[in-house]
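Q: Dropping a structure here in structure tokens format, bear with me for questions.
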Amino acid sequence: MIKTVEWTDAGVRFIDQTKLPTEETYVTCKSYEEVADAIRTMIVRGAPAIGVTAAMGVALGIRDSQATDLDGLKCDLARISDVLAATRPTAVNLFWGIRRIRNKFDEVSSQPLAQIKQALVAEAQRMLVEDIAANQAMGQHGAVLLPASGAILTHCNAGALATCGYGTALGVIRAAVDSGKKLQVFADETRPFLQGSRLTAWELMKDQIPTTVIADNMAGAMMRQGKIDAVVVGADRIAANGDVANKIGTYSVAVLAKEHGIPFYVAAPISTVDLDTPDGDGIPIEQRSAREVTHMGERQVTPAGVGIENPAFDVTPHKYVTAIITERGVARAPYSESLRELAGMGVEV
Ligand code: MRU
């Protein structure tokens with residue numbers, strides 16, 4: 001399995017996603033500041049992956065804290081958490097990951113400092129294992145929804161690289177293929193950062209799942225020609241009413257899918273469900289650097305000085321979502337009830 005994120009004694013190790021698909025290189029972040037930079041610069045990306053990464057970042061910062069008493073350690077915890085929380089605003093998993101480590105801190109705070117540190121590192125490592133297990137469970141719940149044969153469209157990368165392994169949307173596809181379904185994948189290239197053509201295509205090819213990359217503006221024509229049987233995407237945040245924030249361009253795909261009568265599935269762990277945000281209008285949308293749009297690699301592709309917009313995510317209203325696949329089961333409309341019910345089945349949300 002691809003090691004997207006890994007805890008090592010030297011620090012948190014990542015496959016450098018900015019270098020894929022042409023170079024498979026790894027970087028080790030030796031401080032929480034370096035971990036924060038890795039999230040900000042998208043060495044690591046994808047909602048579940050950055051949730052676990054943020055948790056590891058906090059654990060790393062606390063492990064290396066020079067504080068000599070509990071108050072000092074608490075101060076460091078607040079500072080480290082703030083730095084990591086300021087990296088990317090949309091994926092709620094980031095805040096979930098930090099909160100989980102802070103909850104663990106509260107739980108063990110009566111213990112000696114060395115044991116508190118150990119407990120936080122162990123919790124972050126546990127979160128990685130749980131993430132993979134959640135994706136595999138999601139795969140089992142979602143695989144049955146896909147046709148016995150046909151073509152699945154996906155957008156961005158909601159695969160092993162966006163998680164600690166296996167993937168959410170791509171996990172559903174992997175599980176369906178493993179169960180004997182004859183599927184091929186169409187991967188939207190996903191302008192401007194090209195997660196679809198660089199990352200989704202790379203990891204599906206490694207698994208020998210037939211994959212075709214299309215430019216984002218080709219999805220409608222493919223649907224009209226009857227070439228797409230289902231859409232499966234991931235999510236960065238799902239509001240209480242089922243509105244889904246995901247990579248920019250997802251909304252267009254969802255509207256096209258509805259127009260063509262094609263099921264549109266969202267696969268995400270319960271940690272992506274944000275019951276505190278009533279609907280999609282309350283989800284903060286990250287604006288990224290104009291350079292992602294003005295340049296392809298080193299090459300400038302827009303005239304100097306032209307206006308640029310670069311929202312990294314959009315919101316798909318829940319009316320376009322056929323079902324939300326989680327590790328606890330499949331939610332269907334009305335999502336305000338089904339998501340609350342699934343979230344209530346555990347303690348994380
Ligand atoms: O900006 P990114 O690459 O972090 O955005 C990622 C996505 O939008 C993914 O589709 C989403 O996080 C789901 S990840 C399983």
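We label chains A, B, ... in the order they appear in the structure tokens, count residues from 1 in each chain, and number ligands from 1 in the order shown.
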Output the neighbourhood of ligand 1 as a ChimeraX atom specification, that is, all protein and nucleic acid residues with some atom at most 9 Å from the ligand, counting only C-alpha atoms and all ligand atoms.
A: /A:39,42,44-50,88,90-91,154-163,167-170,193-195,233-237,245-248,250,267-269,286,312-313
Q: For the structure I just gave you, how does DSSP split stretch 20-79 of chain A - specifically, which residues are strand (DSSP E or B)? Reply as a list in words.
A: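 For stretch 20-79 of chain A, the strand (DSSP E or B) set is Tyr26, Val27, Thr28 and Cys29 of chain A.
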Q: What does the structure give for the distance between atom CA of A:Glu341 and atom CA of A:Met56, in Å to one decimal?
A: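 Result for atom CA of A:Glu341 versus atom CA of A:Met56: 29.2 Å, one decimal.
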Q: So which residues touch A:Thr302 within 9 Å, counting only C-alpha atoms, skipping near sequence neighbours fewer than 6 positions away, as a ChimeraX atom specification?
A: /A:293-295
Q: Can you list every residue of stretch 199-263 of chain A that has an atom at most 12 Å from stretch 321-339 of chain A, with its nearest atom pair and the distance in Å to one decimal, using only C-alpha atoms, ordered by chain then number, as a tab-separated table?
A:
residue	atom	partner	partner_atom	distance
A:Ala230	CA	A:Thr322	CA	10.2
A:Val231	CA	A:Thr322	CA	9.8
A:Val232	CA	A:Ile325	CA	9.6
A:Val233	CA	A:Ile324	CA	9.8
A:Gly234	CA	A:Ile325	CA	9.4
A:Ala235	CA	A:Ile324	CA	9.7
A:Arg237	CA	A:Ile324	CA	12.0
A:Ile238	CA	A:Leu339	CA	9.3
A:Ala239	CA	A:Ser336	CA	8.7
A:Ala240	CA	A:Ser336	CA	5.5
A:Asn241	CA	A:Ser336	CA	4.4
A:Gly242	CA	A:Tyr335	CA	5.1
A:Asp243	CA	A:Val321	CA	8.3
A:Val244	CA	A:Val321	CA	8.4
A:Ala245	CA	A:Val321	CA	11.7
A:Thr250	CA	A:Val321	CA	11.1
A:Tyr251	CA	A:Val321	CA	10.1
A:Val253	CA	A:Val321	CA	10.9
A:Ala254	CA	A:Val321	CA	7.4
A:Val255	CA	A:Val321	CA	9.5
A:Leu256	CA	A:Val321	CA	11.8
A:Ala257	CA	A:Val321	CA	9.6
A:Lys258	CA	A:Val321	CA	8.7
A:Gly261	CA	A:Thr322	CA	10.4
A:Ile262	CA	A:Thr322	CA	9.1
A:Pro263	CA	A:Thr322	CA	5.7
Q: Within 9 Å of A:Ser179, counting only C-alpha atoms, which residues qualify if same-chain residues fewer than 4 places away don't, as a VMD selection string?
A: chain A and resid 143 174 to 175
Q: Calculated over only C-alpha atoms, which of the candidates A:Arg191, A:His260, A:Lys227, A:Lys181 has the smallest distance to A:Ile209?
A: A:Lys181
Q: Name all residues at most 12 Å from stretch 110-114 of chain A (count only C-alpha atoms; drop same-chain ones fewer than 6 positions away) and give them as a ChimeraX atom specification.
A: /A:62-74,104,120-121
Q: So which one's closest to A:Glu123, A:Leu153, A:Ala10, A:Ala304, A:Ile98? Using only C-alpha atoms, please.
A: A:Ile98
Q: List every residue of stretch 32-97 of chain A that DSSP, applied to the backbone of this structure, places in alpha helix (DSSP H), and write the result as a compact mmCIF listing (two decimals) with all heavy atoms, in the first residue's frame.
A:
# COMPACT_ATOMS: atom_id res chain seq x y z
N TYR A 32 6.82 20.41 14.10
CA TYR A 32 5.40 20.66 13.76
C TYR A 32 5.29 21.78 12.73
O TYR A 32 4.37 21.79 11.91
CB TYR A 32 4.58 20.95 15.03
CG TYR A 32 4.78 22.31 15.63
CD1 TYR A 32 4.01 23.39 15.24
CD2 TYR A 32 5.77 22.52 16.60
CE1 TYR A 32 4.20 24.64 15.79
CE2 TYR A 32 5.96 23.76 17.16
CZ TYR A 32 5.18 24.83 16.75
OH TYR A 32 5.38 26.07 17.28
N GLU A 33 6.26 22.71 12.73
CA GLU A 33 6.22 23.79 11.73
C GLU A 33 6.41 23.21 10.33
O GLU A 33 5.74 23.63 9.37
CB GLU A 33 7.30 24.85 11.98
CG GLU A 33 7.09 25.69 13.23
CD GLU A 33 7.92 25.20 14.41
OE1 GLU A 33 8.22 23.99 14.46
OE2 GLU A 33 8.25 26.02 15.29
N GLU A 34 7.30 22.24 10.22
CA GLU A 34 7.51 21.60 8.91
C GLU A 34 6.27 20.82 8.48
O GLU A 34 5.92 20.77 7.30
CB GLU A 34 8.73 20.68 8.95
CG GLU A 34 10.05 21.45 8.94
CD GLU A 34 11.27 20.52 8.95
OE1 GLU A 34 11.15 19.31 8.66
OE2 GLU A 34 12.36 21.03 9.25
N VAL A 35 5.60 20.20 9.46
CA VAL A 35 4.36 19.48 9.14
C VAL A 35 3.32 20.47 8.62
O VAL A 35 2.63 20.22 7.62
CB VAL A 35 3.83 18.71 10.37
CG1 VAL A 35 2.45 18.11 10.09
CG2 VAL A 35 4.81 17.61 10.79
N ALA A 36 3.20 21.62 9.29
CA ALA A 36 2.24 22.65 8.85
C ALA A 36 2.57 23.10 7.42
O ALA A 36 1.66 23.25 6.59
CB ALA A 36 2.26 23.83 9.81
N ASP A 37 3.85 23.28 7.13
CA ASP A 37 4.24 23.68 5.77
C ASP A 37 3.88 22.61 4.75
O ASP A 37 3.47 22.93 3.63
CB ASP A 37 5.77 23.90 5.71
CG ASP A 37 6.12 25.31 6.16
OD1 ASP A 37 5.20 26.16 6.20
OD2 ASP A 37 7.30 25.54 6.48
N ALA A 38 4.05 21.34 5.14
CA ALA A 38 3.73 20.25 4.21
C ALA A 38 2.25 20.25 3.86
O ALA A 38 1.86 19.98 2.72
CB ALA A 38 4.13 18.91 4.83
N ILE A 39 1.41 20.59 4.83
CA ILE A 39 -0.04 20.67 4.55
C ILE A 39 -0.32 21.87 3.65
O ILE A 39 -1.02 21.77 2.64
CB ILE A 39 -0.86 20.78 5.86
CG1 ILE A 39 -0.67 19.54 6.74
CG2 ILE A 39 -2.34 20.99 5.55
CD1 ILE A 39 -1.29 19.64 8.14
N ARG A 40 0.27 23.01 4.02
CA ARG A 40 0.01 24.26 3.28
C ARG A 40 0.46 24.15 1.82
O ARG A 40 -0.22 24.62 0.91
CB ARG A 40 0.76 25.41 3.97
CG ARG A 40 0.15 26.76 3.79
CD ARG A 40 0.88 27.83 4.59
NE ARG A 40 0.72 27.72 6.02
CZ ARG A 40 1.69 27.42 6.90
NH1 ARG A 40 2.93 27.20 6.48
NH2 ARG A 40 1.45 27.35 8.18
N ALA A 47 -8.64 15.41 2.53
CA ALA A 47 -9.18 15.68 3.87
C ALA A 47 -8.75 14.66 4.95
O ALA A 47 -8.20 15.05 5.99
CB ALA A 47 -10.70 15.81 3.78
N PRO A 48 -8.96 13.36 4.73
CA PRO A 48 -8.59 12.43 5.80
C PRO A 48 -7.08 12.42 6.06
O PRO A 48 -6.64 12.33 7.22
CB PRO A 48 -9.07 11.07 5.28
CG PRO A 48 -10.15 11.42 4.29
CD PRO A 48 -9.69 12.69 3.64
N ALA A 49 -6.29 12.56 5.00
CA ALA A 49 -4.82 12.56 5.20
C ALA A 49 -4.38 13.77 6.01
O ALA A 49 -3.53 13.66 6.90
CB ALA A 49 -4.10 12.53 3.85
N ILE A 50 -4.98 14.92 5.74
CA ILE A 50 -4.52 16.09 6.51
C ILE A 50 -5.06 16.06 7.94
O ILE A 50 -4.44 16.63 8.85
CB ILE A 50 -4.76 17.45 5.81
CG1 ILE A 50 -6.21 17.77 5.61
CG2 ILE A 50 -4.00 17.55 4.51
CD1 ILE A 50 -6.42 19.16 4.98
N GLY A 51 -6.17 15.36 8.16
CA GLY A 51 -6.65 15.19 9.54
C GLY A 51 -5.64 14.42 10.38
O GLY A 51 -5.25 14.84 11.48
N VAL A 52 -5.18 13.30 9.85
CA VAL A 52 -4.21 12.47 10.60
C VAL A 52 -2.85 13.19 10.66
O VAL A 52 -2.16 13.16 11.68
CB VAL A 52 -4.09 11.07 9.96
CG1 VAL A 52 -2.97 10.26 10.60
CG2 VAL A 52 -5.42 10.33 10.08
N THR A 53 -2.51 13.87 9.57
CA THR A 53 -1.24 14.62 9.56
C THR A 53 -1.24 15.70 10.64
O THR A 53 -0.24 15.88 11.35
CB THR A 53 -1.04 15.27 8.17
OG1 THR A 53 -0.90 14.24 7.21
CG2 THR A 53 0.19 16.16 8.15
N ALA A 54 -2.35 16.43 10.76
CA ALA A 54 -2.42 17.48 11.78
C ALA A 54 -2.27 16.87 13.17
O ALA A 54 -1.57 17.41 14.04
CB ALA A 54 -3.74 18.23 11.66
N ALA A 55 -2.91 15.72 13.38
CA ALA A 55 -2.80 15.03 14.68
C ALA A 55 -1.34 14.66 14.94
O ALA A 55 -0.81 14.85 16.05
CB ALA A 55 -3.68 13.79 14.68
N MET A 56 -0.67 14.14 13.92
CA MET A 56 0.74 13.76 14.08
C MET A 56 1.60 15.01 14.32
O MET A 56 2.56 14.96 15.08
CB MET A 56 1.23 13.00 12.85
CG MET A 56 0.67 11.60 12.79
SD MET A 56 1.47 10.62 11.51
CE MET A 56 0.72 9.01 11.81
N GLY A 57 1.24 16.09 13.66
CA GLY A 57 1.98 17.34 13.86
C GLY A 57 1.90 17.81 15.31
O GLY A 57 2.91 18.20 15.91
N VAL A 58 0.70 17.75 15.87
CA VAL A 58 0.54 18.16 17.27
C VAL A 58 1.34 17.21 18.17
O VAL A 58 2.08 17.64 19.07
CB VAL A 58 -0.95 18.18 17.70
CG1 VAL A 58 -1.06 18.57 19.17
CG2 VAL A 58 -1.75 19.15 16.83
N ALA A 59 1.21 15.91 17.90
CA ALA A 59 1.92 14.92 18.73
C ALA A 59 3.44 15.14 18.63
O ALA A 59 4.16 15.06 19.65
CB ALA A 59 1.56 13.51 18.27
N LEU A 60 3.91 15.46 17.44
CA LEU A 60 5.35 15.69 17.24
C LEU A 60 5.81 16.93 18.02
O LEU A 60 6.84 16.91 18.70
CB LEU A 60 5.63 15.87 15.74
CG LEU A 60 7.08 16.09 15.32
CD1 LEU A 60 7.91 14.83 15.58
CD2 LEU A 60 7.15 16.44 13.82
N GLY A 61 5.02 18.00 17.90
CA GLY A 61 5.35 19.24 18.61
C GLY A 61 5.39 19.03 20.12
O GLY A 61 6.29 19.54 20.81
N ILE A 62 4.44 18.28 20.62
CA ILE A 62 4.40 18.03 22.08
C ILE A 62 5.53 17.10 22.49
O ILE A 62 6.19 17.31 23.51
CB ILE A 62 3.02 17.45 22.48
CG1 ILE A 62 1.96 18.55 22.38
CG2 ILE A 62 3.04 16.84 23.87
CD1 ILE A 62 2.17 19.72 23.35
N ARG A 63 5.80 16.10 21.66
CA ARG A 63 6.90 15.18 22.00
C ARG A 63 8.21 15.94 22.16
O ARG A 63 9.03 15.65 23.04
CB ARG A 63 7.07 14.12 20.89
CG ARG A 63 8.09 13.06 21.23
CD ARG A 63 8.56 12.30 20.02
NE ARG A 63 9.40 13.12 19.13
CZ ARG A 63 10.00 12.67 18.04
NH1 ARG A 63 9.86 11.40 17.69
NH2 ARG A 63 10.75 13.47 17.30
N LEU A 70 3.18 20.97 33.52
CA LEU A 70 1.94 20.80 32.76
C LEU A 70 1.45 22.11 32.15
O LEU A 70 1.00 22.14 31.00
CB LEU A 70 0.85 20.20 33.68
CG LEU A 70 -0.45 19.83 32.98
CD1 LEU A 70 -0.24 18.74 31.92
CD2 LEU A 70 -1.50 19.38 33.98
N ASP A 71 1.58 23.21 32.90
CA ASP A 71 1.12 24.50 32.35
C ASP A 71 1.90 24.86 31.09
O ASP A 71 1.32 25.36 30.11
CB ASP A 71 1.25 25.62 33.40
CG ASP A 71 0.12 25.54 34.41
OD1 ASP A 71 -0.87 24.82 34.11
OD2 ASP A 71 0.24 26.14 35.49
N GLY A 72 3.19 24.63 31.14
CA GLY A 72 4.05 24.93 29.98
C GLY A 72 3.64 24.06 28.79
O GLY A 72 3.55 24.53 27.65
N LEU A 73 3.36 22.80 29.08
CA LEU A 73 2.97 21.88 28.00
C LEU A 73 1.62 22.29 27.41
O LEU A 73 1.42 22.23 26.19
CB LEU A 73 2.91 20.44 28.54
CG LEU A 73 3.12 19.32 27.52
CD1 LEU A 73 4.44 19.44 26.79
CD2 LEU A 73 3.01 17.95 28.20
N LYS A 74 0.72 22.75 28.28
CA LYS A 74 -0.60 23.21 27.80
C LYS A 74 -0.45 24.42 26.89
O LYS A 74 -1.15 24.55 25.88
CB LYS A 74 -1.48 23.60 29.00
CG LYS A 74 -2.22 22.44 29.60
CD LYS A 74 -3.19 22.95 30.65
CE LYS A 74 -3.90 21.79 31.33
NZ LYS A 74 -4.47 22.14 32.61
N CYS A 75 0.46 25.34 27.27
CA CYS A 75 0.72 26.52 26.43
C CYS A 75 1.23 26.09 25.07
O CYS A 75 0.79 26.60 24.02
CB CYS A 75 1.82 27.38 27.06
SG CYS A 75 1.20 28.61 28.12
N ASP A 76 2.17 25.14 25.08
CA ASP A 76 2.71 24.64 23.80
C ASP A 76 1.62 23.99 22.97
O ASP A 76 1.55 24.17 21.75
CB ASP A 76 3.86 23.65 24.06
CG ASP A 76 5.13 24.38 24.46
OD1 ASP A 76 5.15 25.63 24.41
OD2 ASP A 76 6.11 23.70 24.83
N LEU A 77 0.76 23.23 23.64
CA LEU A 77 -0.33 22.55 22.92
C LEU A 77 -1.21 23.57 22.20
O LEU A 77 -1.56 23.38 21.02
CB LEU A 77 -1.17 21.72 23.91
CG LEU A 77 -2.36 20.97 23.31
CD1 LEU A 77 -1.89 19.84 22.40
CD2 LEU A 77 -3.25 20.39 24.42
N ALA A 78 -1.54 24.65 22.88
CA ALA A 78 -2.41 25.68 22.27
C ALA A 78 -1.70 26.32 21.07
O ALA A 78 -2.30 26.50 20.00
CB ALA A 78 -2.76 26.73 23.31
N ARG A 79 -0.41 26.63 21.24
CA ARG A 79 0.33 27.31 20.17
C ARG A 79 0.47 26.39 18.95
O ARG A 79 0.22 26.79 17.81
CB ARG A 79 1.72 27.72 20.69
CG ARG A 79 2.55 28.56 19.74
CD ARG A 79 3.81 29.09 20.43
NE ARG A 79 4.38 28.14 21.38
CZ ARG A 79 5.12 27.09 21.06
NH1 ARG A 79 5.42 26.87 19.79
NH2 ARG A 79 5.59 26.28 21.98
N ILE A 80 0.86 25.16 19.20
CA ILE A 80 1.07 24.19 18.11
C ILE A 80 -0.26 23.95 17.37
O ILE A 80 -0.32 23.93 16.14
CB ILE A 80 1.61 22.86 18.68
CG1 ILE A 80 3.01 23.06 19.25
CG2 ILE A 80 1.60 21.75 17.63
CD1 ILE A 80 3.47 21.95 20.19
N SER A 81 -1.34 23.81 18.14
CA SER A 81 -2.66 23.56 17.54
C SER A 81 -3.04 24.73 16.65
O SER A 81 -3.57 24.54 15.54
CB SER A 81 -3.73 23.38 18.61
OG SER A 81 -3.39 22.31 19.46
N ASP A 82 -2.79 25.96 17.11
CA ASP A 82 -3.15 27.14 16.32
C ASP A 82 -2.39 27.17 14.99
O ASP A 82 -2.95 27.52 13.96
CB ASP A 82 -2.86 28.43 17.10
CG ASP A 82 -3.87 28.65 18.20
OD1 ASP A 82 -4.88 27.91 18.24
OD2 ASP A 82 -3.66 29.55 19.05
N VAL A 83 -1.12 26.84 15.04
CA VAL A 83 -0.31 26.86 13.81
C VAL A 83 -0.86 25.84 12.81
O VAL A 83 -1.06 26.14 11.62
CB VAL A 83 1.19 26.58 14.12
CG1 VAL A 83 1.98 26.32 12.85
CG2 VAL A 83 1.79 27.74 14.91
N LEU A 84 -1.16 24.65 13.28
CA LEU A 84 -1.66 23.62 12.37
C LEU A 84 -3.07 23.94 11.87
O LEU A 84 -3.40 23.72 10.71
CB LEU A 84 -1.60 22.24 13.03
CG LEU A 84 -0.15 21.72 13.07
CD1 LEU A 84 0.08 20.76 14.22
CD2 LEU A 84 0.22 21.04 11.75
N ALA A 85 -3.88 24.52 12.76
CA ALA A 85 -5.28 24.84 12.38
C ALA A 85 -5.34 25.93 11.32
O ALA A 85 -6.34 26.06 10.62
CB ALA A 85 -6.08 25.25 13.60
N VAL A 92 -12.74 19.73 7.19
CA VAL A 92 -13.02 19.75 8.63
C VAL A 92 -12.19 18.70 9.37
O VAL A 92 -11.97 18.80 10.57
CB VAL A 92 -14.55 19.59 8.87
CG1 VAL A 92 -15.00 18.14 8.67
CG2 VAL A 92 -14.93 20.11 10.24
N ASN A 93 -11.70 17.72 8.64
CA ASN A 93 -10.87 16.66 9.25
C ASN A 93 -9.64 17.25 9.93
O ASN A 93 -9.13 16.70 10.90
CB ASN A 93 -10.42 15.66 8.19
CG ASN A 93 -11.58 15.14 7.37
OD1 ASN A 93 -12.25 15.93 6.71
ND2 ASN A 93 -11.84 13.86 7.42
N LEU A 94 -9.13 18.36 9.40
CA LEU A 94 -7.96 19.01 10.00
C LEU A 94 -8.26 19.36 11.46
O LEU A 94 -7.48 19.06 12.36
CB LEU A 94 -7.61 20.27 9.20
CG LEU A 94 -6.45 21.10 9.73
CD1 LEU A 94 -5.13 20.56 9.20
CD2 LEU A 94 -6.59 22.56 9.33
N PHE A 95 -9.41 19.98 11.67
CA PHE A 95 -9.79 20.43 13.02
C PHE A 95 -10.16 19.23 13.90
O PHE A 95 -9.87 19.19 15.09
CB PHE A 95 -10.93 21.45 12.92
CG PHE A 95 -10.58 22.53 11.93
CD1 PHE A 95 -11.06 22.49 10.63
CD2 PHE A 95 -9.69 23.54 12.27
CE1 PHE A 95 -10.69 23.45 9.70
CE2 PHE A 95 -9.31 24.50 11.35
CZ PHE A 95 -9.81 24.47 10.06
N TRP A 96 -10.79 18.24 13.27
CA TRP A 96 -11.14 17.00 13.96
C TRP A 96 -9.86 16.31 14.48
O TRP A 96 -9.80 15.84 15.61
CB TRP A 96 -11.91 16.09 12.99
CG TRP A 96 -12.04 14.67 13.43
CD1 TRP A 96 -12.99 14.15 14.24
CD2 TRP A 96 -11.17 13.59 13.06
NE1 TRP A 96 -12.77 12.81 14.41
CE2 TRP A 96 -11.66 12.44 13.70
CE3 TRP A 96 -10.03 13.48 12.26
CZ2 TRP A 96 -11.05 11.20 13.57
CZ3 TRP A 96 -9.42 12.25 12.14
CH2 TRP A 96 -9.93 11.12 12.79
N GLY A 97 -8.84 16.28 13.62
CA GLY A 97 -7.58 15.61 14.01
C GLY A 97 -6.92 16.30 15.19
O GLY A 97 -6.44 15.65 16.13
Q: Ranking A:Val185, A:Asp178, A:Ile101, A:Thr272 by minimum distance to A:Asp131 and counting only C-alpha atoms, which one comes first?
A: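 Looking only at the distances to A:Asp131, the closest residue turns out to be A:Thr272.
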Q: Using only C-alpha atoms, pick whichever of A:Ala187, A:Ile270, A:Met138, A:Leu128 has the shortest atom-to-atom distance to A:Ala215.
A: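 Checking each candidate against A:Ala215, we get A:Ala187 as the closest.
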